[in-house]
Amino acid sequence: MAKVGIVLAGCGVFDGSEIHEAVITLLALNRAGAKVVCMAPDMEQLHVVNHLTGNVAEGERRNVLVESARIARGEISAADIDALLAQI
């Protein structure tokens with residue numbers, strides 16, 4: 001069974017990983033028999049977007065890892081995977 005890592009970039013269509021795309025990727029890999037692990041960098045987002053208006057939320061700050069945890073959580077190292085996909 002292949003172990004596949006997916007890199008998430010936060011959570012949100014305008015300022016991170018799009019939830020539907022991330023979930024469909026996870027589902028497809030799971031159905032193909034892969035063991036899937038999600039990961040994200042521990043860093044500040046470039047900007048935060050108000051998803052209701054589509055405007056940049058001035059002065060707001062969010063962490064990519066914290067926002068990605070809305071989709072999936074856990075810890076991983078490079079030795080734990082055979083392949084890597086970026087979901088950005």
# chains A, B, ... in the order shown; residues from 1 in each chain; ligands from 1
$ select_by_dssp --residues "stretch 1-81 of chain A" --states "strand (DSSP E or B)" --output "NGL selection string"
:A and (3-8 or 35-39 or 44 or 49 or 56 or 63)
$ residues_around --residues "A:Ser77" --least-positions-apart "4" --cutoff "12 Å" --atoms "only C-alpha atoms" --output "PDB file with C-alpha atoms, in the first residue's frame"
ATOM      1  CA  LYS A   3       1.704   6.067   1.642  1.00  0.00           C
ATOM      2  CA  VAL A   4       0.831   9.436   0.085  1.00  0.00           C
ATOM      3  CA  GLY A   5       1.306  12.823   1.749  1.00  0.00           C
ATOM      4  CA  VAL A  37      -1.505  11.645   5.442  1.00  0.00           C
ATOM      5  CA  CYS A  38      -2.110  15.411   5.387  1.00  0.00           C
ATOM      6  CA  MET A  39       0.488  18.014   6.278  1.00  0.00           C
ATOM      7  CA  ALA A  40       0.971  21.794   6.147  1.00  0.00           C
ATOM      8  CA  ILE A  81       5.454   8.674   2.935  1.00  0.00           C
ATOM      9  CA  ASP A  82       6.202   7.292  -0.540  1.00  0.00           C
ATOM     10  CA  LEU A  84       3.669  13.782  -2.010  1.00  0.00           C
TER      11      LEU A  84
END
$ residues_around --residues "stretch 7-19 of chain A" --least-positions-apart "3" --cutoff "6 Å" --atoms "only C-alpha atoms" --output "PyMOL selection string"
chain A and resi 22+38-40+49+64+67-68+86-88
$ select_by_dssp --residues "stretch 11-86 of chain A" --states "helix (DSSP H, G or I)" --output "list in words"
Ile19, His20, Glu21, Ala22, Val23, Ile24, Thr25, Leu26, Leu27, Ala28, Leu29, Asn30, Arg31, Val64, Leu65, Val66, Glu67, Ser68, Ala78, Ala79 and Asp80 of chain A
$ write_last_selection --atoms "N, CA, C and O atoms" --output "JSON list (two decimals), in the first residue's frame"
[["chain", "number", "residue", "atom", "x", "y", "z"],
["A", 19, "ILE", "N", -11.72, 23.24, 0.23],
["A", 19, "ILE", "CA", -12.17, 22.08, 1.00],
["A", 19, "ILE", "C", -12.66, 20.95, 0.11],
["A", 19, "ILE", "O", -12.29, 19.79, 0.30],
["A", 20, "HIS", "N", -13.50, 21.25, -0.88],
["A", 20, "HIS", "CA", -14.02, 20.20, -1.75],
["A", 20, "HIS", "C", -12.90, 19.48, -2.50],
["A", 20, "HIS", "O", -12.90, 18.25, -2.60],
["A", 21, "GLU", "N", -11.95, 20.23, -3.02],
["A", 21, "GLU", "CA", -10.84, 19.62, -3.75],
["A", 21, "GLU", "C", -10.00, 18.73, -2.84],
["A", 21, "GLU", "O", -9.57, 17.64, -3.23],
["A", 22, "ALA", "N", -9.75, 19.20, -1.62],
["A", 22, "ALA", "CA", -8.95, 18.42, -0.67],
["A", 22, "ALA", "C", -9.68, 17.12, -0.31],
["A", 22, "ALA", "O", -9.07, 16.04, -0.31],
["A", 23, "VAL", "N", -10.98, 17.21, -0.03],
["A", 23, "VAL", "CA", -11.74, 16.02, 0.37],
["A", 23, "VAL", "C", -11.84, 15.03, -0.80],
["A", 23, "VAL", "O", -11.68, 13.81, -0.60],
["A", 24, "ILE", "N", -12.08, 15.50, -2.00],
["A", 24, "ILE", "CA", -12.17, 14.61, -3.16],
["A", 24, "ILE", "C", -10.83, 13.92, -3.40],
["A", 24, "ILE", "O", -10.78, 12.73, -3.73],
["A", 25, "THR", "N", -9.73, 14.64, -3.23],
["A", 25, "THR", "CA", -8.40, 14.04, -3.37],
["A", 25, "THR", "C", -8.20, 12.95, -2.33],
["A", 25, "THR", "O", -7.73, 11.84, -2.65],
["A", 26, "LEU", "N", -8.55, 13.23, -1.09],
["A", 26, "LEU", "CA", -8.44, 12.24, -0.01],
["A", 26, "LEU", "C", -9.30, 11.01, -0.31],
["A", 26, "LEU", "O", -8.85, 9.87, -0.15],
["A", 27, "LEU", "N", -10.51, 11.23, -0.76],
["A", 27, "LEU", "CA", -11.42, 10.13, -1.07],
["A", 27, "LEU", "C", -10.90, 9.27, -2.22],
["A", 27, "LEU", "O", -10.90, 8.04, -2.13],
["A", 28, "ALA", "N", -10.44, 9.91, -3.29],
["A", 28, "ALA", "CA", -9.94, 9.16, -4.45],
["A", 28, "ALA", "C", -8.73, 8.32, -4.08],
["A", 28, "ALA", "O", -8.62, 7.15, -4.48],
["A", 29, "LEU", "N", -7.81, 8.88, -3.33],
["A", 29, "LEU", "CA", -6.62, 8.12, -2.92],
["A", 29, "LEU", "C", -7.00, 6.98, -1.97],
["A", 29, "LEU", "O", -6.46, 5.88, -2.08],
["A", 30, "ASN", "N", -7.94, 7.24, -1.08],
["A", 30, "ASN", "CA", -8.40, 6.20, -0.16],
["A", 30, "ASN", "C", -9.03, 5.05, -0.93],
["A", 30, "ASN", "O", -8.75, 3.88, -0.68],
["A", 31, "ARG", "N", -9.87, 5.37, -1.90],
["A", 31, "ARG", "CA", -10.53, 4.34, -2.71],
["A", 31, "ARG", "C", -9.52, 3.56, -3.56],
["A", 31, "ARG", "O", -9.77, 2.41, -3.89],
["A", 64, "VAL", "N", -1.00, 28.90, 8.57],
["A", 64, "VAL", "CA", -1.35, 27.89, 7.56],
["A", 64, "VAL", "C", -1.60, 26.53, 8.21],
["A", 64, "VAL", "O", -2.58, 25.85, 7.89],
["A", 65, "LEU", "N", -0.75, 26.13, 9.14],
["A", 65, "LEU", "CA", -0.91, 24.84, 9.81],
["A", 65, "LEU", "C", -2.20, 24.79, 10.63],
["A", 65, "LEU", "O", -2.96, 23.82, 10.56],
["A", 66, "VAL", "N", -2.48, 25.85, 11.36],
["A", 66, "VAL", "CA", -3.69, 25.91, 12.19],
["A", 66, "VAL", "C", -4.94, 25.87, 11.30],
["A", 66, "VAL", "O", -5.90, 25.14, 11.58],
["A", 67, "GLU", "N", -4.93, 26.61, 10.21],
["A", 67, "GLU", "CA", -6.08, 26.63, 9.31],
["A", 67, "GLU", "C", -6.25, 25.29, 8.60],
["A", 67, "GLU", "O", -7.36, 24.81, 8.40],
["A", 68, "SER", "N", -5.14, 24.64, 8.23],
["A", 68, "SER", "CA", -5.20, 23.33, 7.57],
["A", 68, "SER", "C", -5.77, 22.27, 8.48],
["A", 68, "SER", "O", -6.39, 21.30, 8.03],
["A", 78, "ALA", "N", 9.07, 12.93, 6.64],
["A", 78, "ALA", "CA", 9.32, 12.50, 5.27],
["A", 78, "ALA", "C", 9.47, 10.98, 5.16],
["A", 78, "ALA", "O", 9.11, 10.38, 4.16],
["A", 79, "ALA", "N", 9.98, 10.35, 6.19],
["A", 79, "ALA", "CA", 10.17, 8.89, 6.18],
["A", 79, "ALA", "C", 8.84, 8.14, 6.19],
["A", 79, "ALA", "O", 8.80, 6.95, 5.89],
["A", 80, "ASP", "N", 7.73, 8.83, 6.50],
["A", 80, "ASP", "CA", 6.43, 8.18, 6.61],
["A", 80, "ASP", "C", 5.67, 8.08, 5.28],
["A", 80, "ASP", "O", 4.60, 7.49, 5.24]]
$ atom_distance --atom1 "atom CA of A:Val36" --atom2 "atom CA of A:Arg62"
25.2 Å
$ atom_distance --atom1 "atom CA of A:Gln45" --atom2 "atom CA of A:Glu75"
19.8 Å
$ closest_residue --among "A:Ile76, A:Ile6, A:Leu46, A:Leu85" --to "A:Arg61" --atoms "only C-alpha atoms"
A:Leu46
